[in-house]
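The next block holds one structure in the form of structure tokens; read it before the comments.
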Amino acid sequence: MARGSRFTVAAPLLLLLAACGSDVGEAPTSPPCDDECRDRVALRAVREMTKLAYNLLLQGNPVGMQAEAAPCPLGGAVVIFGEASSNAEQGATVVDLSYGFDGCTHLEVDDEPDETYRMTLTGFMTQQGTLAAQPSATTALVMQSPSMTMSGTVYDPPLAYGEDGCTLELGQNGNDLSGLMCGREVGVDLGGPPN
């Protein structure tokens, strides 16, 4: 074989081997998550953990005064007490509830890095307003806590998150949740059907 023909065969093989060792085909990495991003994920965790507690403890209960307690999925406990009434015509539930979290831990793993967290909550939070049960209604809530402790990880890959004795002053209108968390303005679009 002539010297030039060996080079003609070897050059494409070298290029192929170089391509196999490059970053081509590797899974994309998540964009960086700054402090504001971490707060948004933590805010989502607080709202979703409240929703989970409601669904586990009160969903299907008769209307009226409520007082329920249960363990949380990964440890700790949650209690809910207060009043919930239903409006079947509007497909909504009107609530005036208090949630007590005691080391309540929940893990959420999602394809979206900013919807992934492992959070532990300790503290009380009130929730007043309307929860949508049908598409004809819209969730409209005010949620407040004088002192909520949040610890765990947010985002994927996981980033440490911790706030001790954090004041929450939040409002939800449809899927938009925003307000003050630890004195900082924060907001998140919860996506999906409002509830």
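Residue numbers start at 1 in each chain; chains themselves are named A, B, ... in the order of the structure tokens; ligands are numbered from 1 in the order shown.
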Could you name the residues that touch A:Val188 at 8 Å or less, counting only C-alpha atoms, but leaving out those on the same chain fewer than 3 positions away, as a VMD selection string?
chain A and resid 40 43 to 44 176 to 178
Please save C-alpha atoms of the selected residues as an mmCIF file, in the first residue's frame.
```
data_model
loop_
_atom_site.group_PDB
_atom_site.id
_atom_site.type_symbol
_atom_site.label_atom_id
_atom_site.label_comp_id
_atom_site.auth_asym_id
_atom_site.auth_seq_id
_atom_site.Cartn_x
_atom_site.Cartn_y
_atom_site.Cartn_z
ATOM 1 C CA ARG A 40 -37.789 30.252 44.121
ATOM 2 C CA LEU A 43 -40.871 28.779 47.785
ATOM 3 C CA ARG A 44 -42.178 26.056 45.475
ATOM 4 C CA ASP A 176 -48.620 32.731 40.345
ATOM 5 C CA LEU A 177 -47.185 32.591 43.865
ATOM 6 C CA SER A 178 -45.242 35.586 45.140
#
```
What's the 12 Å shell around A:Thr138, counting only C-alpha atoms, without same-chain residues fewer than 6 positions away, as a PyMOL selection string?
chain A and resi 90-94+129-132+172-176+193-195
Write out as number ranges by chain which residues come within 6 Å of A:Glu83 when counting only C-alpha atoms, dropping same-chain ones fewer than 3 positions away.
A: 64-66, 95-97
Using the selection just defined, write its residues with N, CA and C atoms as a PDB file, in the first residue's frame.
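File result-v7.pdb, as written:
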```pdb
ATOM      1  N   GLY A  64     -66.429  21.932  57.064  1.00  0.00           N
ATOM      2  CA  GLY A  64     -66.555  22.375  58.448  1.00  0.00           C
ATOM      3  C   GLY A  64     -65.213  22.406  59.137  1.00  0.00           C
ATOM      4  N   MET A  65     -65.245  22.292  60.456  1.00  0.00           N
ATOM      5  CA  MET A  65     -64.018  22.345  61.246  1.00  0.00           C
ATOM      6  C   MET A  65     -63.148  21.121  60.960  1.00  0.00           C
ATOM      7  N   GLN A  66     -61.844  21.366  60.897  1.00  0.00           N
ATOM      8  CA  GLN A  66     -60.881  20.312  60.583  1.00  0.00           C
ATOM      9  C   GLN A  66     -59.812  20.260  61.669  1.00  0.00           C
ATOM     10  N   VAL A  95     -61.034  28.147  52.443  1.00  0.00           N
ATOM     11  CA  VAL A  95     -60.277  27.642  53.585  1.00  0.00           C
ATOM     12  C   VAL A  95     -59.835  28.771  54.516  1.00  0.00           C
ATOM     13  N   ASP A  96     -59.775  28.435  55.780  1.00  0.00           N
ATOM     14  CA  ASP A  96     -59.167  29.260  56.822  1.00  0.00           C
ATOM     15  C   ASP A  96     -58.450  28.264  57.729  1.00  0.00           C
ATOM     16  N   LEU A  97     -57.236  27.902  57.339  1.00  0.00           N
ATOM     17  CA  LEU A  97     -56.529  26.779  57.946  1.00  0.00           C
ATOM     18  C   LEU A  97     -55.182  27.203  58.509  1.00  0.00           C
TER      19      LEU A  97
END
```
Which neighbours of stretch 153-155 of chain A fall inside 8 Å, counting only C-alpha atoms, when residues of the same chain fewer than 3 positions from it are skipped, and could you give them as a PDB file with C-alpha atoms, in the first residue's frame?
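Dumped to result-v4.pdb:
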```pdb
ATOM      1  CA  CYS A  33     -28.763  28.585  40.273  1.00  0.00           C
ATOM      2  CA  ARG A  38     -32.675  28.911  45.304  1.00  0.00           C
ATOM      3  CA  VAL A  41     -37.244  26.502  44.506  1.00  0.00           C
ATOM      4  CA  ALA A  42     -37.664  26.768  48.283  1.00  0.00           C
ATOM      5  CA  PRO A 113     -33.906  21.185  37.903  1.00  0.00           C
ATOM      6  CA  ASP A 114     -35.769  24.124  39.456  1.00  0.00           C
ATOM      7  CA  GLU A 115     -38.648  21.839  40.499  1.00  0.00           C
ATOM      8  CA  THR A 116     -36.427  19.415  42.415  1.00  0.00           C
ATOM      9  CA  TYR A 117     -35.861  19.639  46.174  1.00  0.00           C
ATOM     10  CA  ARG A 118     -35.517  17.787  49.453  1.00  0.00           C
ATOM     11  CA  MET A 119     -36.964  20.087  52.096  1.00  0.00           C
ATOM     12  CA  PRO A 158     -28.567  19.679  44.724  1.00  0.00           C
ATOM     13  CA  LEU A 159     -27.565  22.935  46.412  1.00  0.00           C
ATOM     14  CA  ALA A 160     -27.726  23.401  50.184  1.00  0.00           C
ATOM     15  CA  TYR A 161     -30.552  25.628  51.419  1.00  0.00           C
TER      16      TYR A 161
END
```
Quick one: pull the distance between atom CA of A:Pro135 and atom CA of A:Gly187, Å, one decimal.
22.7 Å
How would you write, as an MDAnalysis selection string, the set of residues in stretch 22-189 of chain A that DSSP gives as strand (DSSP E)?
chainID A and resid 64:71 77:87 92:108 117:132 140:154 159:173 176:181 184:189
Just give me the gap between atom CA of A:Ser147 and atom CA of A:Met181 in Å, one decimal is fine.
10.3 Å
Work out how far apart atom CA of A:Glu108 and atom CA of A:Pro73 are and give it in Å to one decimal.
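A separation of 10.7 Å between them.
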Excluding A:Gly183 and any residue of its chain fewer than 4 positions from it, enumerate the residues within 10 Å of it, using only C-alpha atoms, and give them as a PDB file with N, CA and C atoms, in the first residue's frame.
```
ATOM      1  N   CYS A 166     -37.769  32.094  59.393  1.00  0.00           N
ATOM      2  CA  CYS A 166     -38.061  32.960  58.247  1.00  0.00           C
ATOM      3  C   CYS A 166     -39.536  33.376  58.248  1.00  0.00           C
ATOM      4  N   THR A 167     -39.777  34.681  58.076  1.00  0.00           N
ATOM      5  CA  THR A 167     -41.138  35.193  57.952  1.00  0.00           C
ATOM      6  C   THR A 167     -41.613  35.015  56.510  1.00  0.00           C
ATOM      7  N   LEU A 168     -42.843  34.493  56.358  1.00  0.00           N
ATOM      8  CA  LEU A 168     -43.442  34.307  55.040  1.00  0.00           C
ATOM      9  C   LEU A 168     -44.695  35.161  54.931  1.00  0.00           C
ATOM     10  N   GLU A 169     -44.788  35.937  53.873  1.00  0.00           N
ATOM     11  CA  GLU A 169     -45.987  36.723  53.549  1.00  0.00           C
ATOM     12  C   GLU A 169     -46.243  36.523  52.070  1.00  0.00           C
ATOM     13  N   GLY A 179     -44.448  37.004  46.903  1.00  0.00           N
ATOM     14  CA  GLY A 179     -44.527  37.714  48.168  1.00  0.00           C
ATOM     15  C   GLY A 179     -43.157  37.895  48.769  1.00  0.00           C
TER      16      GLY A 179
END
```
Counting only C-alpha atoms, what is within 12 Å of A:Asn55, bar same-chain residues fewer than 4 positions away, as an mmCIF file with C-alpha atoms, in the first residue's frame?
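Output file result.cif is given in full below:
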```cif
data_model
loop_
_atom_site.group_PDB
_atom_site.id
_atom_site.type_symbol
_atom_site.label_atom_id
_atom_site.label_comp_id
_atom_site.auth_asym_id
_atom_site.auth_seq_id
_atom_site.Cartn_x
_atom_site.Cartn_y
_atom_site.Cartn_z
ATOM 1 C CA GLU A 48 -46.167 22.003 47.344
ATOM 2 C CA MET A 49 -45.649 20.615 50.847
ATOM 3 C CA THR A 50 -48.703 22.558 52.039
ATOM 4 C CA LYS A 51 -50.687 21.172 49.108
ATOM 5 C CA GLN A 59 -59.152 15.832 50.750
ATOM 6 C CA GLY A 60 -62.551 14.112 50.926
ATOM 7 C CA ASN A 61 -63.320 15.230 54.500
ATOM 8 C CA GLU A 68 -55.935 16.227 61.379
ATOM 9 C CA ALA A 70 -50.099 12.632 59.967
ATOM 10 C CA ILE A 80 -53.830 20.980 60.001
ATOM 11 C CA LEU A 131 -58.630 26.539 46.503
ATOM 12 C CA ALA A 133 -61.208 22.180 42.607
ATOM 13 C CA ASN A 195 -54.771 24.272 43.095
#
```
Near A:Pro62, within 10 Å and counting only C-alpha atoms, which residues show up once chain neighbours fewer than 5 positions away are dropped, as JSON, numbers by chain?
{"A": [84, 85, 86]}
Looking at A:Leu57, A:Val186, A:Met143, A:Ala77, which one is nearest to A:Gly171, with distances taken over only C-alpha atoms?
A:Met143
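Counting only C-alpha atoms, the residue from A:Ser98, A:Thr139, A:Thr122, A:Gln134 that sits nearest to A:Gly162 is A:Thr122.
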Pick the closest to A:Asn87 from A:Thr120, A:Thr105, A:Gln127, A:Ser136: which is it, counting only C-alpha atoms?
A:Ser136
Calculated over only C-alpha atoms, which of the candidates A:Arg47, A:Leu56, A:Ala140, A:Gly152 has the smallest distance to A:Met125?
A:Arg47
